[in-house]
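**Q** Hey, dropping coords17.tsv in here, TSV, C-alpha atoms:
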chain	number	residue	atom	x	y	z
J	22	MET	CA	-7.73	-24.87	9.97
J	23	ARG	CA	-4.92	-26.37	12.05
J	24	ILE	CA	-1.77	-24.40	11.27
J	25	LEU	CA	1.76	-25.17	12.47
J	26	ILE	CA	4.34	-22.36	12.51
J	27	PRO	CA	7.78	-23.88	13.16
J	28	THR	CA	10.47	-21.23	13.57
J	29	VAL	CA	13.89	-20.58	15.07
J	30	ASP	CA	13.06	-16.84	15.17
J	31	TYR	CA	10.41	-15.90	17.72
J	32	PRO	CA	10.33	-13.68	20.83
J	33	PRO	CA	12.23	-13.16	23.01
J	34	ILE	CA	14.51	-13.25	19.95
J	35	GLU	CA	14.49	-9.82	18.33
J	36	GLY	CA	14.41	-8.94	14.65
J	37	GLY	CA	12.19	-8.80	11.59
J	38	ILE	CA	11.75	-12.56	11.08
J	39	ALA	CA	10.71	-13.04	14.71
J	40	THR	CA	8.23	-10.19	14.25
J	41	VAL	CA	6.71	-11.90	11.18
J	42	ALA	CA	6.33	-15.19	13.10
J	43	LEU	CA	4.74	-13.49	16.11
J	44	GLN	CA	2.33	-11.24	14.23
J	45	VAL	CA	1.17	-13.86	11.72
J	46	SER	CA	0.50	-16.35	14.53
J	47	ARG	CA	-1.55	-13.72	16.38
J	48	GLN	CA	-3.54	-12.72	13.32
J	49	LEU	CA	-4.33	-16.29	12.30
J	50	ALA	CA	-5.39	-17.23	15.83
J	51	SER	CA	-7.60	-14.13	16.07
J	52	LEU	CA	-9.38	-15.29	12.89
J	53	GLY	CA	-10.30	-18.59	14.56
J	54	HIS	CA	-7.57	-20.89	13.24
J	55	GLU	CA	-5.96	-23.43	15.57
J	56	VAL	CA	-2.37	-22.18	15.58
J	57	THR	CA	0.65	-23.89	17.16
J	58	VAL	CA	4.09	-22.28	17.15
J	59	VAL	CA	7.27	-24.31	17.67
J	60	ALA	CA	9.99	-21.92	18.86
J	61	PRO	CA	13.32	-21.97	20.75
J	62	GLU	CA	13.48	-22.13	24.53
J	63	LEU	CA	15.74	-19.31	25.76
J	64	PRO	CA	16.86	-18.00	29.16
J	65	ARG	CA	15.14	-14.67	28.56
J	66	GLY	CA	11.44	-14.98	29.17
J	67	PHE	CA	8.40	-14.28	27.03
J	68	ASP	CA	4.76	-14.51	28.09
J	69	ASP	CA	3.75	-17.58	26.07
J	70	ALA	CA	0.58	-17.97	28.13
J	71	GLY	CA	-0.58	-14.55	26.99
J	72	GLU	CA	-0.51	-15.51	23.31
J	73	PRO	CA	-3.64	-16.62	21.40
J	74	ALA	CA	-1.59	-19.38	19.73
J	75	THR	CA	-0.20	-22.44	21.51
J	76	ILE	CA	3.57	-22.05	21.97
J	77	VAL	CA	5.72	-25.20	22.12
J	78	ARG	CA	9.40	-24.64	22.96
J	79	PHE	CA	12.40	-26.75	21.92
J	80	LYS	CA	15.83	-26.81	23.55
J	81	GLY	CA	19.21	-26.61	21.84
J	82	TYR	CA	19.02	-23.21	20.13
J	83	GLY	CA	22.71	-22.60	20.90
J	84	LEU	CA	23.83	-25.67	18.91
J	85	GLY	CA	24.12	-23.78	15.64
J	86	TRP	CA	23.08	-25.87	12.62
J	87	LEU	CA	22.71	-28.88	14.90
J	88	ARG	CA	19.63	-27.22	16.43
J	89	LEU	CA	17.80	-28.76	13.46
J	90	ILE	CA	17.78	-32.08	15.34
J	91	PRO	CA	15.94	-30.98	18.53
J	92	PHE	CA	13.79	-28.71	16.36
J	93	LEU	CA	12.61	-31.63	14.23
J	94	CYS	CA	12.17	-33.90	17.26
J	95	ARG	CA	9.82	-31.37	18.86
J	96	ALA	CA	7.97	-30.35	15.71
J	97	TRP	CA	7.53	-33.64	13.86
J	98	PRO	CA	4.80	-35.15	16.10
J	99	LEU	CA	2.84	-31.90	15.70
J	100	ALA	CA	3.41	-31.76	11.95
J	101	LYS	CA	1.59	-35.06	11.45
J	102	GLU	CA	-1.55	-33.59	13.03
J	103	THR	CA	-1.75	-30.31	11.13
J	104	ASP	CA	-3.42	-29.07	7.95
J	105	LEU	CA	-0.77	-26.54	6.92
J	106	ILE	CA	2.83	-25.67	7.77
J	107	LEU	CA	4.08	-22.10	7.52
J	108	ALA	CA	7.85	-22.42	7.19
J	109	ILE	CA	9.10	-19.11	8.58
J	110	ASN	CA	12.76	-20.20	8.11
J	111	ILE	CA	13.61	-22.06	4.92
J	112	ALA	CA	16.51	-24.00	6.47
J	113	TYR	CA	14.42	-25.33	9.37
J	114	GLY	CA	10.70	-25.02	8.75
J	115	GLY	CA	11.31	-25.71	5.08
J	116	VAL	CA	12.95	-29.07	5.88
J	117	LEU	CA	10.07	-29.96	8.21
J	118	GLY	CA	7.51	-28.95	5.57
J	119	TRP	CA	9.19	-31.01	2.88
J	120	LEU	CA	9.32	-34.09	5.14
J	121	ALA	CA	5.66	-33.66	6.14
J	122	ARG	CA	4.65	-33.24	2.51
J	123	ARG	CA	6.48	-36.41	1.47
J	124	ALA	CA	5.25	-38.50	4.39
J	125	HIS	CA	1.70	-37.22	4.85
J	126	GLY	CA	0.85	-34.94	1.90
J	127	ILE	CA	0.65	-31.87	4.15
J	128	PRO	CA	1.10	-28.61	2.23
J	129	TYR	CA	3.70	-26.08	3.31
J	130	VAL	CA	4.35	-22.44	2.51
J	131	THR	CA	7.83	-20.91	2.66
J	132	PHE	CA	8.85	-17.33	3.44
J	133	ALA	CA	11.79	-15.45	1.91
J	134	TYR	CA	13.45	-12.29	3.22
J	135	ALA	CA	16.69	-12.12	1.16
J	136	TYR	CA	19.86	-12.89	3.09
J	137	GLU	CA	18.87	-16.39	4.26
J	138	PHE	CA	19.11	-17.83	0.75
J	139	LEU	CA	21.50	-15.34	-0.87
J	140	LYS	CA	24.32	-16.24	1.50
J	141	PHE	CA	24.24	-19.82	0.15
J	142	ARG	CA	23.92	-19.04	-3.54
J	143	ARG	CA	27.60	-19.88	-4.14
J	144	VAL	CA	27.54	-23.13	-2.10
J	145	PRO	CA	26.33	-25.76	-4.60
J	146	VAL	CA	25.02	-28.37	-2.13
J	147	LEU	CA	23.11	-25.89	0.03
J	148	ARG	CA	21.90	-23.91	-2.98
J	149	THR	CA	20.41	-27.09	-4.45
J	150	LEU	CA	18.82	-28.05	-1.13
J	151	LEU	CA	17.18	-24.67	-0.51
J	152	ARG	CA	16.05	-24.29	-4.10
J	153	GLY	CA	14.36	-27.69	-3.85
J	154	LEU	CA	12.58	-26.70	-0.62
J	155	TYR	CA	11.25	-23.52	-2.25
J	156	ARG	CA	10.17	-25.30	-5.43
J	157	ARG	CA	8.24	-28.01	-3.57
J	158	ALA	CA	6.35	-25.51	-1.42
J	159	THR	CA	2.78	-24.61	-2.33
J	160	PHE	CA	4.15	-21.09	-2.82
J	161	THR	CA	6.72	-18.75	-1.32
J	162	VAL	CA	5.97	-15.39	0.28
J	163	ALA	CA	8.57	-12.77	-0.72
J	164	ILE	CA	8.50	-9.71	1.54
J	165	SER	CA	9.57	-7.24	-1.18
J	166	ARG	CA	9.96	-6.89	-4.92
J	167	TYR	CA	13.72	-7.08	-4.40
J	168	THR	CA	13.36	-10.44	-2.62
J	169	ARG	CA	11.06	-11.70	-5.38
J	170	ARG	CA	13.61	-10.75	-8.04
J	171	ARG	CA	16.46	-12.44	-6.18
J	172	LEU	CA	14.34	-15.57	-5.63
J	173	LYS	CA	13.77	-15.81	-9.39
J	174	GLU	CA	17.53	-15.48	-9.93
J	175	PHE	CA	18.01	-18.20	-7.31
J	176	GLY	CA	15.90	-20.57	-9.42
J	177	VAL	CA	12.43	-20.39	-7.88
J	178	PRO	CA	9.67	-20.35	-10.54
J	179	GLU	CA	8.06	-16.92	-10.76
J	180	GLU	CA	4.55	-18.37	-10.67
J	181	ARG	CA	5.31	-19.91	-7.25
J	182	ILE	CA	6.22	-16.56	-5.66
J	183	VAL	CA	3.77	-14.07	-4.14
J	184	THR	CA	4.96	-10.68	-2.92
J	185	ILE	CA	3.37	-9.53	0.34
J	186	PHE	CA	4.80	-6.50	2.13
J	187	PRO	CA	5.13	-6.85	5.91
J	188	GLY	CA	3.30	-4.50	8.20
J	189	ALA	CA	3.50	-2.63	11.45
J	190	ASN	CA	1.51	-2.68	14.64
J	191	PRO	CA	-0.72	0.31	15.29
J	192	ALA	CA	1.01	3.16	17.12
J	193	ARG	CA	0.85	3.04	20.89
J	194	PRO	CA	-0.02	6.64	21.82
J	195	LEU	CA	1.21	7.87	25.19
J	196	ASP	CA	0.21	11.00	27.05
J	197	ALA	CA	2.48	14.02	26.75
J	198	GLU	CA	3.61	13.76	30.36
J	199	ARG	CA	4.97	10.24	29.89
J	200	VAL	CA	6.72	11.17	26.63
J	201	GLU	CA	8.34	14.18	28.30
J	202	ALA	CA	9.48	11.97	31.17
J	203	VAL	CA	11.35	9.76	28.69
J	204	ARG	CA	12.86	12.82	27.01
J	205	GLN	CA	14.12	14.03	30.38
J	206	ARG	CA	15.42	10.60	31.30
J	207	PHE	CA	17.70	10.64	28.26
J	208	GLU	CA	18.41	14.39	28.53
J	209	LEU	CA	16.66	15.17	25.24
J	210	SER	CA	14.44	18.06	26.35
J	211	GLY	CA	14.60	21.21	24.25
J	212	GLY	CA	16.18	19.68	21.15
J	213	GLN	CA	15.27	17.76	18.03
J	214	MET	CA	15.77	14.02	17.88
J	215	ILE	CA	16.81	11.55	15.20
J	216	LEU	CA	15.82	7.99	16.14
J	217	ALA	CA	17.29	4.73	14.86
J	218	VAL	CA	16.16	1.29	16.02
J	219	GLY	CA	17.89	-1.92	15.02
J	220	ARG	CA	20.62	-4.43	15.70
J	221	PHE	CA	24.09	-2.85	15.77
J	222	ILE	CA	25.68	-4.57	12.79
J	223	PRO	CA	27.66	-2.78	10.05
J	224	ARG	CA	25.08	-2.97	7.26
J	225	LYS	CA	22.40	-1.24	9.35
J	226	GLY	CA	24.34	2.03	9.12
J	227	HIS	CA	24.59	3.21	12.74
J	228	LEU	CA	28.21	4.27	12.25
J	229	LYS	CA	27.23	6.27	9.17
J	230	LEU	CA	24.63	8.11	11.21
J	231	VAL	CA	27.23	9.03	13.80
J	232	ALA	CA	29.63	10.13	11.04
J	233	ALA	CA	26.95	12.38	9.54
J	234	MET	CA	26.09	14.09	12.81
J	235	PRO	CA	28.77	16.84	12.77
J	236	GLU	CA	27.38	18.13	9.46
J	237	VAL	CA	23.80	17.85	10.77
J	238	LEU	CA	24.78	19.82	13.88
J	239	GLU	CA	26.26	22.63	11.77
J	240	HIS	CA	22.75	23.37	10.46
J	241	CYS	CA	20.59	21.99	13.29
J	242	PRO	CA	22.31	22.64	16.63
J	243	ASN	CA	21.05	20.81	19.70
J	244	THR	CA	19.94	17.82	17.64
J	245	HIS	CA	20.23	14.45	19.38
J	246	LEU	CA	20.85	11.06	17.78
J	247	MET	CA	19.19	8.21	19.69
J	248	LEU	CA	20.45	4.74	18.67
J	249	VAL	CA	18.32	2.00	20.24
J	250	GLY	CA	19.38	-1.63	20.11
J	251	ARG	CA	22.18	-4.06	20.83
J	252	GLY	CA	24.90	-5.69	18.81
J	253	PRO	CA	28.62	-5.91	18.03
J	254	CYS	CA	28.95	-2.34	16.66
J	255	LEU	CA	27.52	-0.61	19.73
J	256	ASP	CA	30.87	0.16	21.39
J	257	GLU	CA	32.32	1.31	18.06
J	258	CYS	CA	29.50	3.84	17.70
J	259	ILE	CA	30.19	5.19	21.18
J	260	GLU	CA	33.90	5.49	20.41
J	261	LYS	CA	33.16	7.19	17.08
J	262	ALA	CA	30.98	9.79	18.78
J	263	ARG	CA	33.70	10.41	21.35
J	264	ALA	CA	36.33	10.80	18.62
J	265	LEU	CA	34.12	13.35	16.85
J	266	ASP	CA	33.55	15.17	20.15
J	267	ILE	CA	29.77	14.75	19.89
J	268	GLU	CA	29.23	12.16	22.61
J	269	GLY	CA	26.80	14.53	24.34
J	270	GLN	CA	24.54	14.45	21.25
J	271	VAL	CA	24.68	10.69	20.61
J	272	HIS	CA	22.80	8.34	22.94
J	273	CYS	CA	23.12	4.54	22.92
J	274	PRO	CA	20.85	3.17	25.66
J	275	GLY	CA	20.91	-0.43	24.38
J	276	TYR	CA	17.67	-2.34	24.83
J	277	VAL	CA	14.61	-0.37	25.98
J	278	ASP	CA	11.19	-1.68	27.00
J	279	ASP	CA	8.15	-1.35	24.75
J	280	VAL	CA	6.71	1.68	26.55
J	281	THR	CA	10.00	3.57	26.34
J	282	LEU	CA	10.35	2.68	22.67
J	283	ALA	CA	6.82	3.93	21.97
J	284	ALA	CA	7.67	7.19	23.72
J	285	LEU	CA	10.84	7.58	21.63
J	286	TYR	CA	8.94	6.95	18.39
J	287	GLN	CA	6.37	9.52	19.47
J	288	ALA	CA	9.01	12.07	20.51
J	289	CYS	CA	11.40	11.82	17.55
J	290	ASP	CA	11.42	14.29	14.67
J	291	VAL	CA	12.72	11.85	12.08
J	292	PHE	CA	13.55	8.14	11.94
J	293	ALA	CA	16.77	7.24	10.16
J	294	LEU	CA	18.63	4.04	9.31
J	295	PRO	CA	20.90	4.16	6.23
J	296	ALA	CA	21.01	0.38	5.78
J	297	GLY	CA	23.10	-0.96	2.91
J	298	GLU	CA	24.64	-4.18	1.64
J	299	ASP	CA	27.62	-5.74	3.42
J	300	GLU	CA	30.58	-7.57	1.93
J	301	ARG	CA	28.75	-10.93	2.14
J	302	GLY	CA	25.77	-9.63	0.21
J	303	GLN	CA	23.46	-9.37	3.21
J	304	VAL	CA	20.90	-6.61	2.85
J	305	GLU	CA	17.55	-5.46	4.20
J	306	GLY	CA	14.80	-7.52	2.64
J	307	PHE	CA	12.25	-4.84	3.58
J	308	GLY	CA	12.82	-3.06	6.90
J	309	ILE	CA	9.90	-3.43	9.32
J	310	VAL	CA	11.27	-0.67	11.57
J	311	PHE	CA	10.54	1.85	8.82
J	312	SER	CA	6.88	0.83	8.84
J	313	GLU	CA	6.86	1.06	12.63
J	314	ALA	CA	8.12	4.64	12.37
J	315	HIS	CA	5.46	5.43	9.76
J	316	ALA	CA	2.80	4.05	12.11
J	317	TYR	CA	3.72	6.92	14.44
J	318	GLY	CA	3.46	9.40	11.58
J	319	LYS	CA	7.21	9.98	11.36
J	320	PRO	CA	9.24	10.85	8.26
J	321	VAL	CA	12.00	8.39	7.42
J	322	VAL	CA	15.49	8.70	5.96
J	323	ALA	CA	16.74	5.30	4.81
J	324	GLY	CA	19.44	3.69	2.71
J	325	HIS	CA	18.51	3.00	-0.91
J	326	SER	CA	19.25	-0.74	-0.95
J	327	GLY	CA	17.56	-4.13	-1.02
J	328	GLY	CA	13.83	-4.06	-0.38
J	329	VAL	CA	13.84	-0.73	1.48
J	330	PRO	CA	12.19	1.16	-1.44
J	331	ASP	CA	9.05	-0.90	-0.79
J	332	ALA	CA	9.02	0.26	2.85
J	333	VAL	CA	9.93	3.92	2.24
J	334	VAL	CA	8.63	5.70	-0.87
J	335	ASP	CA	11.25	8.25	-1.85
J	336	GLY	CA	9.84	11.77	-1.89
J	337	LEU	CA	6.48	10.63	-0.52
J	338	THR	CA	7.06	9.11	2.93
J	339	GLY	CA	10.72	10.05	3.32
J	340	PHE	CA	14.09	10.17	1.58
J	341	LEU	CA	16.18	7.30	0.24
J	342	VAL	CA	19.90	8.04	0.13
J	343	ASP	CA	23.11	6.35	-0.92
J	344	PRO	CA	24.02	4.40	2.24
J	345	HIS	CA	27.72	5.02	1.56
J	346	ASP	CA	27.43	8.82	1.30
J	347	PRO	CA	27.50	10.58	4.71
J	348	HIS	CA	26.96	13.98	3.07
J	349	ALA	CA	23.78	12.82	1.29
J	350	LEU	CA	22.57	11.35	4.58
J	351	ALA	CA	23.29	14.57	6.49
J	352	GLU	CA	21.62	16.66	3.77
J	353	ALA	CA	18.45	14.55	3.84
J	354	LEU	CA	18.28	14.76	7.64
J	355	ARG	CA	18.82	18.53	7.51
J	356	LYS	CA	15.97	18.99	5.02
J	357	VAL	CA	13.52	17.11	7.23
J	358	LEU	CA	14.65	18.73	10.48
J	359	GLN	CA	14.50	22.25	9.05
J	360	ASP	CA	11.17	21.89	7.24
J	361	PRO	CA	8.31	20.94	9.63
J	362	LYS	CA	5.76	21.03	6.79
J	363	LEU	CA	7.80	18.55	4.76
J	364	ALA	CA	8.29	16.33	7.81
J	365	ARG	CA	4.57	16.40	8.54
J	366	ARG	CA	3.67	15.61	4.92
J	367	PHE	CA	6.05	12.64	4.83
J	368	GLY	CA	4.81	11.40	8.20
J	369	GLU	CA	1.13	11.58	7.30
J	370	ALA	CA	1.72	9.83	3.98
J	371	GLY	CA	3.56	7.07	5.83
J	372	ARG	CA	0.78	6.75	8.39
J	373	LEU	CA	-1.77	6.42	5.57
J	374	ARG	CA	0.24	3.59	3.97
J	375	ILE	CA	0.20	1.72	7.28
J	376	ALA	CA	-3.55	2.11	7.64
J	377	GLN	CA	-4.31	1.08	4.06
J	378	GLU	CA	-1.59	-1.41	3.14
J	379	LEU	CA	1.32	-2.10	5.46
J	380	ASN	CA	-0.34	-3.75	8.42
J	381	TRP	CA	-0.46	-7.31	9.74
J	382	ALA	CA	-4.17	-7.80	9.13
J	383	THR	CA	-3.66	-7.06	5.42
J	384	PHE	CA	-0.52	-9.24	5.29
J	385	THR	CA	-2.36	-12.20	6.82
J	386	GLN	CA	-5.46	-11.78	4.65
J	387	ARG	CA	-3.35	-11.75	1.49
J	388	LEU	CA	-1.61	-14.90	2.74
J	389	LEU	CA	-4.98	-16.60	3.31
J	390	ASP	CA	-6.33	-15.43	-0.07
J	391	THR	CA	-3.29	-16.91	-1.81
J	392	LEU	CA	-3.75	-20.15	0.13
J	393	ALA	CA	-7.38	-20.34	-0.93
J	394	ALA	CA	-6.36	-19.97	-4.57
J	395	ASN	CA	-3.63	-22.64	-4.38
J	396	LEU	CA	-4.80	-25.41	-2.02
Would it be possible to restate this file's structure as structure tokens?
**A**
Amino acid sequence: MRILIPTVDYPPIEGGIATVALQVSRQLASLGHEVTVVAPELPRGFDDAGEPATIVRFKGYGLGWLRLIPFLCRAWPLAKETDLILAINIAYGGVLGWLARRAHGIPYVTFAYAYEFLKFRRVPVLRTLLRGLYRRATFTVAISRYTRRRLKEFGVPEERIVTIFPGANPARPLDAERVEAVRQRFELSGGQMILAVGRFIPRKGHLKLVAAMPEVLEHCPNTHLMLVGRGPCLDECIEKARALDIEGQVHCPGYVDDVTLAALYQACDVFALPAGEDERGQVEGFGIVFSEAHAYGKPVVAGHSGGVPDAVVDGLTGFLVDPHDPHALAEALRKVLQDPKLARRFGEAGRLRIAQELNWATFTQRLLDTLAANL
């Protein structure tokens, strides 16, 4: 089957939606489908030639909403020659899919994460447009039960929604010497480590982790908090740690390469990200980083919000806490750090979920099975 994946989120862009686009394109190509991805051209490089799918880049990503024009100009000639369009972004791929369906009868599938349609639910014109794009799709993939529920509230027929949980790549095991080298590089040797990975924006909860650290340190001295990522709240986290006089225990290295990140996942004692909902209603639709931590057999402490309960099973693979309660966060971290048996039980249960359910091969097969039942 010839499959077109038009997206404005694709590496080197970081984030969960870009991960979905990349991994689905790889899985479909590995199964023998002829896959073409239309993605933004950016100054930062990515090895397109190393991908099993054909990558076609469009210029104009920095134009904001106007990027729809160069996006459509690049994707439209390809859309006419395809059998299926996977609209990773409803506001871009969804428009292309609708046009291709009207002009050539080509089916399209839409994807929903949560914030990309919720932020327009109070804007009548855009709400009507997006709802129409979802309704005319063959079906919509919701990445969590939360997203499915919100889609129904948004006006998408329940029978046109399929819930498929995202996955994680297999762990990338490194030898002990390389892991220890990374620990020494960040001055982590001899202590326990809490790891968080994600964009530094308020709803992710990095500041709440820093705020909880003094209480964690009362019970678990020489514990380090490693915050990996970039974003507007990075400097605020550094200043918060300094104000609390714990800057020596809080590390913010920014972006790290894949090998270093694998070493940090392998070295950490617990993964934590108390993500919540912001004032605009944006929330985690699922939380792929939690699955990535589980792939390494790590226990997780996460914020009880949005679709996170589908990624982290409370009391089985980790703890879910009120994202607005620093004490509850600190208490959950303390329990995991002070109880190796509990941490190991959570981690192994998480690893088992990745092997059996939350992986990209399963995600893609469920997508194909749903296609087979609806085309």
**Q** Considering all atoms listed in the file, can you say which of J:Tyr134, J:Phe175, J:Tyr31, J:Phe307 comes closest to J:Thr149?
**A**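 Counting all atoms listed in the file, the residue closest to J:Thr149 is J:Phe175.
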**Q** Using only C-alpha atoms, which of J:His272, J:Arg365, J:Lys140, J:Arg23 sits nearest J:Ala74?
**A**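 Going through J:His272, J:Arg365, J:Lys140, J:Arg23 one by one, the smallest distance to J:Ala74 is for J:Arg23.
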**Q** I'd like the contact shell of stretch 158-173 of chain J - 10 Å cut-off, all atoms listed in the file, skipping same-chain residues fewer than 2 positions apart - returned as a ChimeraX atom specification.
**A** /J:106-109,111,115,118-119,122,127-136,138-139,152-156,175-188,305-308,326-332,384,388,391-392,395-396
**Q** Out of J:Pro98, J:Gly81, J:Gly275, J:Gly250, which residue has the shortest atom-to-atom distance to J:Leu120 when counting only C-alpha atoms?
**A**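 Smallest separation from J:Leu120 among the options: J:Pro98.
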**Q** In Å, how far is it from atom CA of J:Asp256 to atom CA of J:Gly269?
**A**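 Atom-to-atom, atom CA of J:Asp256 to atom CA of J:Gly269, that is 15.2 Å.
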**Q** Which one is closest to J:Val333: J:Leu379, J:Ala284, J:Ala349, J:Ile259? Count all atoms listed in the file.
**A**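 Under the stated criterion, the closest residue is J:Leu379.
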**Q** Measuring between all atoms listed in the file, which one of J:Val231, J:Ala316, J:Val322, J:Val357 shows the shortest distance to J:Val342?
**A**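 The shortest atom-to-atom distance to J:Val342 comes from J:Val322.
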**Q** Got a sec: who's within 8 Å of J:Gly226, counting all atoms listed in the file, leaving out chain neighbours fewer than 5 positions off, as JSON, numbers by chain?
**A** {"J": [294, 295, 296, 297, 344]}
**Q** I need the residue nearest J:Val59 from this list: J:Arg301, J:Arg47, J:Arg355, J:Arg78. Use all atoms listed in the file for the distance.
**A**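 For J:Val59, the nearest of the candidates is J:Arg78.
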**Q** By how many Å are atom CA of J:Asp360 and atom CA of J:His245 apart?
**A**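 Those two atoms sit 16.9 Å apart.
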**Q** What is the distance between atom CA of J:Val237 and atom CA of J:Ala351, in Å to one decimal?
**A**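 It comes out at 5.4 Å.
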**Q** Taking 6 positions as the minimum chain separation for residues in the same chain, which residues sit within 12 Å of J:Leu354 when counting only C-alpha atoms? Answer as JSON, numbers by chain.
**A** {"J": [213, 214, 215, 216, 230, 233, 234, 235, 236, 237, 238, 239, 240, 241, 244, 245, 246, 290, 291, 292, 293, 294, 295, 320, 321, 322, 323, 339, 340, 341, 342, 347, 348, 360, 361, 363, 364]}
**Q** In file coordinates, which residues lie within 10 Å of (15.5, -14.9, 26.5) using all atoms listed in the file, given as a PyMOL selection string?
**A** chain J and resi 32-35+61-67
**Q** Residues at most 12 Å from J:Asn380, counting all atoms listed in the file, excluding those fewer than 5 positions away in the same chain, as a list of chain:residue names?
**A**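 Near neighbours after the sequence-gap exclusion: J:Val41, J:Gln44, J:Val45, J:Gln48, J:Ile185, J:Phe186, J:Pro187, J:Gly188, J:Ala189, J:Asn190, J:Pro191, J:Ala192, J:Ile309, J:Ser312, J:Glu313, J:His315, J:Ala316, J:Ala332, J:Gly371, J:Arg372, J:Leu373, J:Arg374, J:Ile375, J:Thr385, J:Gln386, J:Arg387.
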